[in-house]
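Undergrad: Take a look at model-v5.txt, compact mmCIF, C-alpha atoms and all ligand atoms:
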```
# COMPACT_ATOMS: atom_id res chain seq x y z
CA MET A 1 -75.00 73.41 27.74
CA ILE A 2 -73.36 75.55 30.41
CA THR A 3 -73.26 79.35 30.21
CA VAL A 4 -70.18 80.95 31.71
CA GLU A 5 -70.01 84.70 32.15
CA ALA A 6 -66.54 85.95 33.02
CA LEU A 7 -67.48 89.27 34.57
CA SER A 8 -64.99 92.08 34.69
CA ALA A 9 -63.14 91.11 37.87
CA ARG A 10 -60.08 93.41 37.59
CA GLU A 11 -57.03 91.19 38.14
CA GLY A 12 -59.15 88.40 39.63
CA ASP A 13 -61.93 85.93 38.81
CA CYS A 14 -65.70 86.24 38.92
CA PHE A 15 -67.61 83.55 37.01
CA TRP A 16 -71.40 83.59 36.85
CA VAL A 17 -72.47 80.13 35.69
CA GLU A 18 -75.94 78.97 34.58
CA TRP A 19 -77.39 75.70 33.29
CA ASP A 20 -80.75 74.04 32.76
CA ASP A 21 -81.99 71.29 35.04
CA GLY A 22 -84.97 70.17 32.97
CA PRO A 23 -87.31 73.16 33.00
CA VAL A 24 -85.44 74.84 35.89
CA ARG A 25 -82.66 77.38 35.28
CA ARG A 26 -79.97 77.09 37.97
CA ARG A 27 -76.89 79.15 38.71
CA MET A 28 -73.72 79.35 40.76
CA LEU A 29 -71.09 82.03 41.35
CA ILE A 30 -67.39 81.28 41.52
CA ASP A 31 -65.47 84.12 43.19
CA GLY A 32 -66.38 87.82 43.17
CA GLY A 33 -63.27 89.53 41.81
CA THR A 34 -61.73 92.42 43.71
CA ARG A 35 -63.78 94.58 46.10
CA ALA A 36 -64.11 97.22 43.39
CA ALA A 37 -65.30 94.58 40.91
CA GLY A 38 -67.83 93.39 43.48
CA ARG A 39 -69.21 96.89 43.93
CA GLN A 40 -69.40 97.46 40.19
CA SER A 41 -69.55 94.48 37.78
CA LEU A 42 -71.06 91.94 40.14
CA ALA A 43 -73.50 94.43 41.66
CA ARG A 44 -74.62 95.50 38.19
CA ARG A 45 -75.03 91.87 37.09
CA LEU A 46 -77.15 91.11 40.14
CA ALA A 47 -79.23 94.23 39.62
CA ARG A 48 -79.98 93.03 36.09
CA GLN A 49 -81.09 89.62 37.38
CA PRO A 50 -84.87 89.33 37.91
CA VAL A 51 -85.73 89.40 41.60
CA ASP A 52 -87.31 85.94 41.41
CA ALA A 53 -84.10 84.46 39.97
CA ARG A 54 -81.50 85.57 42.49
CA GLU A 55 -81.10 82.21 44.14
CA PHE A 56 -77.78 80.39 43.71
CA GLU A 57 -77.19 76.68 44.15
CA LEU A 58 -73.66 77.46 45.26
CA ILE A 59 -71.24 80.33 45.77
CA VAL A 60 -67.54 79.53 45.97
CA GLY A 61 -64.75 81.66 47.43
CA THR A 62 -61.98 79.57 45.91
CA HIS A 63 -59.21 80.89 48.16
CA MET A 64 -58.48 83.88 50.33
CA ASP A 65 -56.76 86.19 47.84
CA ASP A 66 -58.38 89.62 47.58
CA ASP A 67 -58.94 89.35 43.84
CA HIS A 68 -61.21 86.34 44.43
CA ILE A 69 -63.07 87.03 47.69
CA GLY A 70 -63.03 90.85 47.73
CA GLY A 71 -66.18 91.05 45.63
CA LEU A 72 -67.86 88.35 47.72
CA THR A 73 -67.37 90.39 50.90
CA GLU A 74 -69.03 93.33 49.12
CA LEU A 75 -71.91 91.10 48.02
CA LEU A 76 -72.51 89.68 51.49
CA SER A 77 -72.15 93.12 53.13
CA SER A 78 -75.03 94.51 51.13
CA PRO A 79 -76.91 91.64 49.47
CA PRO A 80 -79.53 92.64 46.92
CA GLU A 81 -83.20 91.91 47.44
CA ALA A 82 -84.09 88.20 47.33
CA PHE A 83 -80.44 87.11 47.13
CA ARG A 84 -79.96 83.62 48.55
CA THR A 85 -77.55 80.72 48.21
CA ARG A 86 -78.05 77.08 49.14
CA ASP A 87 -74.38 76.63 50.02
CA PHE A 88 -71.20 78.66 50.21
CA TRP A 89 -67.79 77.02 49.88
CA PHE A 90 -64.86 78.78 51.47
CA ASN A 91 -62.05 77.33 53.54
CA GLY A 92 -61.71 79.81 56.38
CA HIS A 93 -59.20 79.82 59.13
CA GLN A 94 -61.33 77.71 61.43
CA HIS A 95 -61.24 74.94 58.87
CA LEU A 96 -57.50 74.81 59.35
CA LEU A 97 -56.99 75.61 63.02
CA PRO A 98 -58.96 76.27 66.23
CA PRO A 99 -60.81 79.61 65.90
CA ASP A 100 -58.58 81.64 68.18
CA LEU A 101 -56.56 83.60 65.66
CA LEU A 102 -57.56 86.29 63.24
CA GLY A 103 -56.75 85.70 59.61
CA PRO A 104 -55.62 88.09 56.95
CA THR A 105 -58.12 90.89 56.75
CA LEU A 106 -60.49 90.02 53.95
CA ALA A 107 -60.64 86.32 54.71
CA HIS A 108 -61.51 87.22 58.29
CA ARG A 109 -64.15 89.64 57.08
CA LEU A 110 -65.72 87.00 54.84
CA THR A 111 -65.70 84.57 57.76
CA ASP A 112 -67.52 87.13 59.91
CA LEU A 113 -70.08 87.84 57.23
CA LEU A 114 -70.80 84.17 56.63
CA SER A 115 -71.18 83.47 60.34
CA SER A 116 -73.34 86.49 61.15
CA ALA A 117 -75.69 86.04 58.19
CA GLY A 118 -76.16 82.36 58.98
CA THR A 119 -75.29 81.47 55.38
CA PRO A 120 -75.06 77.72 54.76
CA TRP A 121 -71.31 77.18 54.78
CA ASN A 122 -69.48 74.16 53.33
CA GLU A 123 -72.75 72.29 53.90
CA GLU A 124 -71.92 69.58 51.37
CA PHE A 125 -68.82 68.83 53.43
CA GLY A 126 -70.65 68.78 56.77
CA GLY A 127 -69.41 72.28 57.62
CA ALA A 128 -65.78 71.09 57.49
CA ALA A 129 -63.14 71.94 54.91
CA VAL A 130 -63.80 71.59 51.19
CA VAL A 131 -60.87 69.31 50.44
CA LEU A 132 -59.88 66.07 48.69
CA PRO A 133 -59.90 62.94 50.89
CA ALA A 134 -56.79 62.47 53.02
CA ASP A 135 -56.51 58.95 51.68
CA GLY A 136 -55.42 59.27 48.07
CA ASP A 137 -57.21 56.00 47.22
CA ASP A 138 -60.63 57.37 48.14
CA PRO A 139 -62.65 58.67 45.20
CA LEU A 140 -62.71 62.39 44.36
CA PRO A 141 -65.76 64.03 46.03
CA THR A 142 -68.69 64.72 43.70
CA VAL A 143 -71.62 67.04 44.40
CA ASP A 144 -74.91 67.11 42.48
CA LEU A 145 -76.26 70.66 42.11
CA GLY A 146 -79.33 69.54 40.16
CA GLY A 147 -78.49 69.03 36.49
CA LEU A 148 -74.81 69.76 37.10
CA THR A 149 -72.27 67.54 38.83
CA LEU A 150 -69.12 68.98 40.36
CA THR A 151 -66.03 66.84 40.89
CA LEU A 152 -63.58 68.38 43.31
CA LEU A 153 -59.99 68.47 41.98
CA SER A 154 -58.25 70.75 44.53
CA PRO A 155 -57.15 71.45 47.29
CA THR A 156 -55.41 68.55 49.01
CA TRP A 157 -54.91 68.34 52.78
CA ASP A 158 -51.25 68.96 52.13
CA GLY A 159 -52.21 72.23 50.37
CA LEU A 160 -54.37 73.31 53.32
CA ARG A 161 -51.61 72.45 55.81
CA LYS A 162 -49.19 74.69 53.92
CA LEU A 163 -51.77 77.47 53.91
CA ARG A 164 -52.14 77.15 57.67
CA THR A 165 -48.42 77.65 58.17
CA ASP A 166 -48.35 80.55 55.71
CA TRP A 167 -51.44 82.17 57.26
CA ASP A 168 -49.86 82.21 60.70
CA ARG A 169 -46.58 83.50 59.37
CA ARG A 170 -48.36 86.36 57.62
CA LEU A 171 -50.41 87.05 60.68
CA ALA A 172 -47.19 87.43 62.63
CA ARG A 173 -45.86 89.84 60.03
CA ARG A 174 -49.22 91.52 59.38
CA ALA A 175 -48.08 91.73 55.78
CA PRO A 176 -50.19 91.32 52.66
CA ALA A 177 -49.78 88.28 50.43
CA ALA A 178 -46.65 88.27 48.37
CA GLU A 179 -47.06 87.76 44.65
CA SER A 180 -47.12 84.04 44.21
CA GLY A 181 -44.79 81.85 42.27
CA PRO A 182 -41.03 81.73 42.21
CA ALA A 183 -39.17 84.84 41.22
CA ASP A 184 -38.59 85.22 37.53
CA LEU A 185 -35.63 83.02 36.86
CA LEU A 186 -34.43 84.11 33.51
CA GLY A 187 -31.99 86.85 34.39
CA GLY A 188 -31.67 90.45 33.35
CA PRO A 189 -33.38 92.36 30.57
CA ARG A 190 -32.70 91.33 27.02
CA ARG A 191 -33.92 93.42 24.15
CA SER A 192 -35.73 91.27 21.66
CA PRO A 193 -37.57 92.49 18.59
CA SER A 194 -39.58 89.28 18.26
CA ILE A 195 -41.03 86.92 20.81
CA PRO A 196 -39.52 83.42 20.86
CA TRP A 197 -42.89 81.68 21.31
CA HIS A 198 -41.57 78.13 21.04
CA ARG A 199 -38.80 78.73 23.55
CA LEU A 200 -41.11 80.51 25.97
CA ALA A 201 -43.60 77.63 25.76
CA SER A 202 -40.96 75.25 27.08
CA GLU A 203 -40.13 77.34 30.17
CA TYR A 204 -42.21 76.05 33.08
CA SER A 205 -41.58 76.06 36.83
CA PRO A 206 -44.25 75.23 39.42
CA ASP A 207 -46.14 77.66 41.67
CA ALA A 208 -44.96 77.43 45.27
CA SER A 209 -47.60 79.75 46.79
CA PRO A 210 -49.44 78.10 49.70
CA VAL A 211 -52.45 80.38 49.18
CA ASN A 212 -52.85 79.37 45.55
CA GLY A 213 -52.32 75.75 46.55
CA SER A 214 -55.39 76.00 48.80
CA SER A 215 -57.65 76.88 45.82
CA ILE A 216 -60.96 75.06 45.50
CA ALA A 217 -61.05 73.86 41.88
CA PHE A 218 -63.53 71.53 40.22
CA LEU A 219 -64.84 70.04 37.02
CA ALA A 220 -68.50 70.86 36.27
CA GLU A 221 -70.42 68.40 34.07
CA ASP A 222 -73.84 68.98 32.59
CA ALA A 223 -75.95 65.93 33.47
CA ALA A 224 -77.99 66.17 30.27
CA ASP A 225 -75.34 66.46 27.56
CA GLY A 226 -72.01 65.80 29.30
CA THR A 227 -70.56 69.28 28.70
CA ARG A 228 -67.44 69.66 30.86
CA VAL A 229 -66.05 72.96 32.18
CA LEU A 230 -63.03 73.10 34.47
CA PHE A 231 -62.91 75.96 36.96
CA ALA A 232 -59.25 76.02 37.94
CA ALA A 233 -59.04 79.05 40.29
CA ASP A 234 -55.35 79.66 41.10
CA ALA A 235 -54.71 75.97 41.81
CA HIS A 236 -51.38 74.26 41.43
CA ALA A 237 -50.96 72.46 38.09
CA GLU A 238 -49.57 69.35 39.77
CA VAL A 239 -52.66 68.94 42.01
CA LEU A 240 -55.07 69.45 39.10
CA THR A 241 -53.13 67.01 36.93
CA ALA A 242 -53.08 64.30 39.61
CA SER A 243 -56.86 64.62 40.10
CA LEU A 244 -57.65 64.70 36.38
CA GLU A 245 -55.60 61.59 35.80
CA ARG A 246 -57.99 59.73 38.11
CA LEU A 247 -61.00 60.62 35.93
CA PRO A 248 -62.09 59.04 32.65
CA GLY A 249 -60.03 60.76 29.97
CA ARG A 250 -62.53 62.82 28.03
CA PRO A 251 -61.68 66.27 26.68
CA VAL A 252 -62.61 69.30 28.76
CA ASP A 253 -64.80 71.61 26.65
CA LEU A 254 -63.72 74.86 28.34
CA CYS A 255 -61.10 75.59 30.99
CA THR A 256 -60.54 78.76 32.96
CA VAL A 257 -56.80 79.35 32.69
CA PRO A 258 -55.35 78.81 36.20
CA HIS A 259 -54.08 81.87 38.06
CA HIS A 260 -54.95 84.37 35.33
CA GLY A 261 -52.31 82.94 33.00
CA SER A 262 -49.38 83.07 35.42
CA PRO A 263 -46.44 81.08 34.00
CA TYR A 264 -46.34 78.86 37.11
CA ASN A 265 -49.77 77.21 36.95
CA VAL A 266 -50.05 75.62 33.50
CA SER A 267 -47.66 72.70 33.05
CA PRO A 268 -47.25 70.56 29.92
CA GLU A 269 -48.64 67.61 31.92
CA LEU A 270 -51.76 69.58 32.87
CA LEU A 271 -52.35 70.50 29.23
CA GLN A 272 -52.15 66.84 28.31
CA ALA A 273 -54.56 65.81 31.08
CA LEU A 274 -57.07 68.52 30.11
CA ASP A 275 -57.13 67.85 26.35
CA CYS A 276 -58.80 71.26 25.94
CA ARG A 277 -58.90 73.75 23.06
CA GLN A 278 -61.04 76.54 24.54
CA TRP A 279 -59.48 78.76 27.19
CA LEU A 280 -61.06 81.48 29.28
CA VAL A 281 -58.57 84.04 30.55
CA SER A 282 -59.75 86.26 33.41
CA THR A 283 -57.49 89.24 34.08
CA ASP A 284 -57.11 92.95 33.39
CA GLY A 285 -53.35 92.45 33.49
CA GLY A 286 -52.98 93.34 37.15
CA ARG A 287 -49.62 94.50 38.39
CA PRO A 288 -46.40 93.94 36.45
CA VAL A 289 -44.91 90.82 38.02
CA LEU A 290 -42.89 89.19 35.25
CA ARG A 291 -39.83 91.33 34.75
CA THR A 292 -38.22 89.15 32.11
CA GLU A 293 -41.29 89.32 29.91
CA ALA A 294 -41.48 93.11 30.06
CA VAL A 295 -38.53 93.29 27.69
CA TYR A 296 -40.59 92.21 24.72
CA ARG A 297 -43.02 95.09 24.50
CA SER A 298 -44.37 97.77 26.79
CA GLY A 299 -47.49 96.55 28.58
CA GLU A 300 -46.00 93.08 29.03
CA GLY A 301 -44.78 91.57 32.25
CA ARG A 302 -48.39 91.26 33.39
CA HIS A 303 -50.97 88.47 33.36
CA PRO A 304 -51.49 86.49 31.21
CA SER A 305 -47.85 85.61 30.78
CA LEU A 306 -46.34 85.11 27.36
CA ARG A 307 -45.01 81.75 28.51
CA THR A 308 -48.46 80.43 29.47
CA MET A 309 -50.09 81.75 26.33
CA ALA A 310 -47.32 80.23 24.21
CA ARG A 311 -47.89 76.88 25.94
CA LEU A 312 -51.68 77.01 25.42
CA ILE A 313 -51.43 78.11 21.81
CA LEU A 314 -48.83 75.54 20.80
CA ALA A 315 -50.32 72.59 22.74
CA SER A 316 -53.32 71.92 20.51
CA PRO A 317 -54.52 72.63 16.99
CA ARG A 318 -56.39 75.94 16.61
CA PRO A 319 -57.24 76.78 20.20
CA THR A 320 -59.53 79.70 21.06
CA LEU A 321 -58.63 82.26 23.72
CA TRP A 322 -61.56 84.05 25.36
CA PHE A 323 -60.50 87.21 27.21
CA ASN A 324 -62.74 89.12 29.63
CA HIS A 325 -60.61 92.29 29.34
CA ARG A 326 -58.97 93.89 26.34
CA VAL A 327 -55.80 95.41 27.79
CA ALA A 328 -52.19 95.68 26.59
CA SER A 329 -51.23 92.18 27.76
CA THR A 330 -54.27 90.52 26.09
CA ALA A 331 -54.73 92.76 23.03
CA ARG A 332 -51.58 91.43 21.37
CA TYR A 333 -53.50 88.23 20.52
CA ALA A 334 -55.89 90.27 18.37
CA ASP A 335 -53.08 90.55 15.80
CA PRO A 336 -54.34 88.55 12.79
CA PHE A 337 -50.81 87.87 11.53
CA LEU A 338 -49.80 86.36 14.87
CA ALA A 339 -53.04 84.35 15.01
CA ALA A 340 -52.46 82.99 11.50
CA ARG A 341 -48.80 82.21 12.13
CA LEU A 342 -49.35 80.36 15.42
CA GLY A 343 -52.81 79.03 14.56
CA PHE A 344 -55.25 80.32 17.18
CA ARG A 345 -58.34 82.49 17.52
CA ALA A 346 -58.89 85.24 20.12
CA GLU A 347 -62.19 86.70 21.32
CA TYR A 348 -62.79 89.82 23.43
CA PRO A 349 -65.73 91.61 25.04
CA LEU A 350 -67.87 93.42 22.49
CA PRO A 351 -67.96 97.23 22.79
CA GLY A 352 -69.92 98.19 25.88
CA GLU A 353 -69.83 94.65 27.31
CA ASP A 354 -68.66 94.11 30.86
CA GLY A 355 -66.62 90.91 30.59
CA ILE A 356 -67.38 88.08 28.19
CA ALA A 357 -70.05 85.36 28.16
CA VAL A 358 -69.79 81.99 26.43
CA LEU A 359 -72.14 79.11 25.79
CA VAL A 360 -70.38 75.76 26.24
CA GLY A 361 -71.65 72.52 24.73
CA PRO A 362 -69.98 69.18 24.00
CA GLY A 363 -67.06 70.13 21.77
CA THR A 364 -68.28 73.67 21.09
CA VAL A 365 -67.92 77.09 22.64
CA THR A 366 -69.72 80.09 21.19
CA ARG A 367 -70.35 83.63 22.31
CA ALA A 368 -73.46 83.70 24.48
CA PRO A 369 -76.26 85.97 23.24
CA THR A 370 -75.94 89.42 24.79
CA PRO A 371 -78.61 89.85 27.47
CA ASP A 372 -81.10 92.69 27.08
ZN ZN A 401 -56.04 85.10 41.54
```
Take the structure in the file and write it out as structure tokens.

TA:
Amino acid sequence: MITVEALSAREGDCFWVEWDDGPVRRRMLIDGGTRAAGRQSLARRLARQPVDAREFELIVGTHMDDDHIGGLTELLSSPPEAFRTRDFWFNGHQHLLPPDLLGPTLAHRLTDLLSSAGTPWNEEFGGAAVVLPADGDDPLPTVDLGGLTLTLLSPTWDGLRKLRTDWDRRLARRAPAAESGPADLLGGPRRSPSIPWHRLASEYSPDASPVNGSSIAFLAEDAADGTRVLFAADAHAEVLTASLERLPGRPVDLCTVPHHGSPYNVSPELLQALDCRQWLVSTDGGRPVLRTEAVYRSGEGRHPSLRTMARLILASPRPTLWFNHRVASTARYADPFLAARLGFRAEYPLPGEDGIAVLVGPGTVTRAPTPD
């Protein structure tokens, strides 16, 4: 069994993951959400953690976007008592180029914090980049965290090379990251009283963002019972699919929906490779980025996109959607008539809960007991 807590991470990700290694309870943290989320949700979660259980096997900053590493910079700036991690995965600028250039602000800050605190950094990869082998015939890297095995699925060297070019271009401009993905391609506003779910499901175009393409994504497998959880970050669907197709084809028990449900990161091929019916969606909606979807109802045009949700819902029988925020763009799936018509189930944080926690076993996902 693997417990996954999707903390309130604003528009980003922050997954607190625990599992049993025999009698030992182990944990890892994947991303820290935005800086505000780091100061609030993640800080509160750490404060609740007993002082003698604040050691992590691994912390991952999947890629340099603020909604993933912002909270990690807050954590490392003022770590709580007895906080420690055995390894920290983050592909910083020096993993891509000689260390003579400053990176975009937060990534540079995280780099500074990791260096000055002497945190073990990409240890499993000899201090070099966390990346798939350059030779596509070499096996996917696996890492044993004690009771949990991670298989790296993303990024590729090609993805890191594109990030390097993008990083330098942005440095020259000193501009923040543009919203990823191609511009909405569907033309001007059209008033529509009902949502054409089947048509939307068929509309896919790939994410071209170099930053998202540099995402560290992996499959986590419980050594005792074989439970499989895929942590997709904001990775490109094509990279995830190519990696998954190299693994034995067993269903994935739970998948974090790539890139907060952006329409550009969940392809039909990825859905087929995952063979998954339980989806964890981490977003508070973020900024409106999908103009053509805003025509359907106010509050739309944000993550998760209607197109991605349509694809997830229609790809498998009776999928379950687990949301860590109940906001306008996620609350529509609470409609029992829609759920009955399209055949899915939706779950949200309980009143007073900060995010949502699930217990994942082979073929089952249930709500994790609320901690005291
Ligand atoms: Zn993101």

Undergrad: Show me which residues are within 12 Å of ligand ZN 401 (chain A) counting only C-alpha atoms and all ligand atoms, and format the list as JSON, numbers by chain.

TA: {"A": [9, 10, 11, 12, 13, 14, 30, 31, 32, 33, 34, 61, 62, 63, 64, 65, 66, 67, 68, 69, 70, 177, 179, 180, 181, 209, 211, 212, 213, 214, 215, 216, 232, 233, 234, 235, 236, 256, 257, 258, 259, 260, 261, 262, 265, 281, 282, 283, 284, 285, 286, 287, 303, 304]}

Undergrad: When distances are computed from all atoms listed in the file, which of A:Asp112, A:Asp253, A:Glu293, A:Glu269 shows the smallest separation from Glu221 (chain A)?

TA: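 Selected residue with least distance to Glu221 (chain A): A:Asp253.
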
Undergrad: Just give me the gap between CA of Thr73 (chain A) and CA of Leu110 (chain A) in Å, one decimal is fine.

TA: 5.5 Å

Undergrad: Out of A:Thr308, A:Gln278, A:Ser8, A:Asn324, which residue has the shortest atom-to-atom distance to Phe344 (chain A) when counting all atoms listed in the file?

TA: A:Gln278

Undergrad: Please write out, as lines of an AutoDock Vina configuration file, where the centre of an axis-aligned box around all listed atoms of region 148-161 of chain A lies and how long its edges are, in Å to one decimal, after adding 3 Å on each side.

TA:
```
center_x = -63.0
center_y = 70.1
center_z = 46.5
size_x = 29.6
size_y = 12.5
size_z = 24.7
```

Undergrad: Within 12 Å of (-56.3, 88.7, 20.4) (coordinates as in the file), grab all the protein and nucleic acid residues, counting all atoms listed in the file, and write them out as a PyMOL selection string.

TA: chain A and resi 281+309+313+319-340+342-349

Undergrad: Output C-alpha atoms of each residue in that selection to a file, as a PDB file, keeping the file's coordinate frame.

TA:
```pdb
ATOM      1  CA  VAL A 281     -58.570  84.040  30.550  1.00  0.00           C
ATOM      2  CA  MET A 309     -50.090  81.750  26.330  1.00  0.00           C
ATOM      3  CA  ILE A 313     -51.430  78.110  21.810  1.00  0.00           C
ATOM      4  CA  PRO A 319     -57.240  76.780  20.200  1.00  0.00           C
ATOM      5  CA  THR A 320     -59.530  79.700  21.060  1.00  0.00           C
ATOM      6  CA  LEU A 321     -58.630  82.260  23.720  1.00  0.00           C
ATOM      7  CA  TRP A 322     -61.560  84.050  25.360  1.00  0.00           C
ATOM      8  CA  PHE A 323     -60.500  87.210  27.210  1.00  0.00           C
ATOM      9  CA  ASN A 324     -62.740  89.120  29.630  1.00  0.00           C
ATOM     10  CA  HIS A 325     -60.610  92.290  29.340  1.00  0.00           C
ATOM     11  CA  ARG A 326     -58.970  93.890  26.340  1.00  0.00           C
ATOM     12  CA  VAL A 327     -55.800  95.410  27.790  1.00  0.00           C
ATOM     13  CA  ALA A 328     -52.190  95.680  26.590  1.00  0.00           C
ATOM     14  CA  SER A 329     -51.230  92.180  27.760  1.00  0.00           C
ATOM     15  CA  THR A 330     -54.270  90.520  26.090  1.00  0.00           C
ATOM     16  CA  ALA A 331     -54.730  92.760  23.030  1.00  0.00           C
ATOM     17  CA  ARG A 332     -51.580  91.430  21.370  1.00  0.00           C
ATOM     18  CA  TYR A 333     -53.500  88.230  20.520  1.00  0.00           C
ATOM     19  CA  ALA A 334     -55.890  90.270  18.370  1.00  0.00           C
ATOM     20  CA  ASP A 335     -53.080  90.550  15.800  1.00  0.00           C
ATOM     21  CA  PRO A 336     -54.340  88.550  12.790  1.00  0.00           C
ATOM     22  CA  PHE A 337     -50.810  87.870  11.530  1.00  0.00           C
ATOM     23  CA  LEU A 338     -49.800  86.360  14.870  1.00  0.00           C
ATOM     24  CA  ALA A 339     -53.040  84.350  15.010  1.00  0.00           C
ATOM     25  CA  ALA A 340     -52.460  82.990  11.500  1.00  0.00           C
ATOM     26  CA  LEU A 342     -49.350  80.360  15.420  1.00  0.00           C
ATOM     27  CA  GLY A 343     -52.810  79.030  14.560  1.00  0.00           C
ATOM     28  CA  PHE A 344     -55.250  80.320  17.180  1.00  0.00           C
ATOM     29  CA  ARG A 345     -58.340  82.490  17.520  1.00  0.00           C
ATOM     30  CA  ALA A 346     -58.890  85.240  20.120  1.00  0.00           C
ATOM     31  CA  GLU A 347     -62.190  86.700  21.320  1.00  0.00           C
ATOM     32  CA  TYR A 348     -62.790  89.820  23.430  1.00  0.00           C
ATOM     33  CA  PRO A 349     -65.730  91.610  25.040  1.00  0.00           C
TER      34      PRO A 349
END
```

Undergrad: Find the distance between CA of Leu306 (chain A) and CA of Trp197 (chain A) and write it in Å to one decimal.

TA: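 Taking CA of Leu306 (chain A) as the start and CA of Trp197 (chain A) as the end point, the length is 7.8 Å.
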
Undergrad: Between CA of Thr111 (chain A) and CA of Leu219 (chain A), measure the distance and give it in Å to one decimal.

TA: 25.3 Å

Undergrad: Give me the residues within 10 Å of Leu247 (chain A) as a list in words, counting all atoms listed in the file and dropping any in the same chain fewer than 2 places off.

TA: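 In the requested form, the answer reads Pro139, Leu140, Thr151, Leu153, Ala242, Ser243, Leu244, Glu245, Gly249, Arg250 and Ala273 of chain A.
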
Undergrad: Between A:Leu200, A:Leu350, A:Ala6, A:Met28, which has the minimum distance to Cys255 (chain A) (counting all atoms listed in the file)?

TA: A:Ala6

Undergrad: Closest to Pro141 (chain A) among A:Val365, A:Leu7, A:Ala217, A:Val60, using only C-alpha atoms?

TA: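 Selected residue with least distance to Pro141 (chain A): A:Ala217.
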
Undergrad: Which one of A:Leu314, A:Ala47, A:Ala37, A:Val24 sits closest to Arg199 (chain A) if you count only C-alpha atoms?

TA: A:Leu314

Undergrad: For region 124-128 of chain A, please output as a ChimeraX atom specification all residues within 9 Å (counting only C-alpha atoms; exclusion window: fewer than 6 positions along the same chain).

TA: /A:87,89,91,94-95,143

Undergrad: Selection from above, C-alpha atoms, as a short mmCIF file (atom, residue, chain, number, x, y, z; two decimals), keeping the file's coordinate frame, can you write it?

TA:
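Resulting contents of selection.cif:
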```cif
data_model
loop_
_atom_site.label_atom_id
_atom_site.label_comp_id
_atom_site.auth_asym_id
_atom_site.auth_seq_id
_atom_site.Cartn_x
_atom_site.Cartn_y
_atom_site.Cartn_z
CA ASP A 87 -74.38 76.63 50.02
CA TRP A 89 -67.79 77.02 49.88
CA ASN A 91 -62.05 77.33 53.54
CA GLN A 94 -61.33 77.71 61.43
CA HIS A 95 -61.24 74.94 58.87
CA VAL A 143 -71.62 67.04 44.40
#
```

Undergrad: Skip Arg164 (chain A) itself and residues of its chain fewer than 5 positions away, then list as number ranges by chain all residues within 9 Å of it, counting all atoms listed in the file.

TA: A: 93, 96-97, 159, 169, 210

Undergrad: Return the single residue from A:Leu270, A:Ala357, A:Leu312, A:Leu75 that is closest to Glu5 (chain A), with distances computed using all atoms listed in the file.

TA: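 Closest to Glu5 (chain A), using all atoms listed in the file: A:Ala357.
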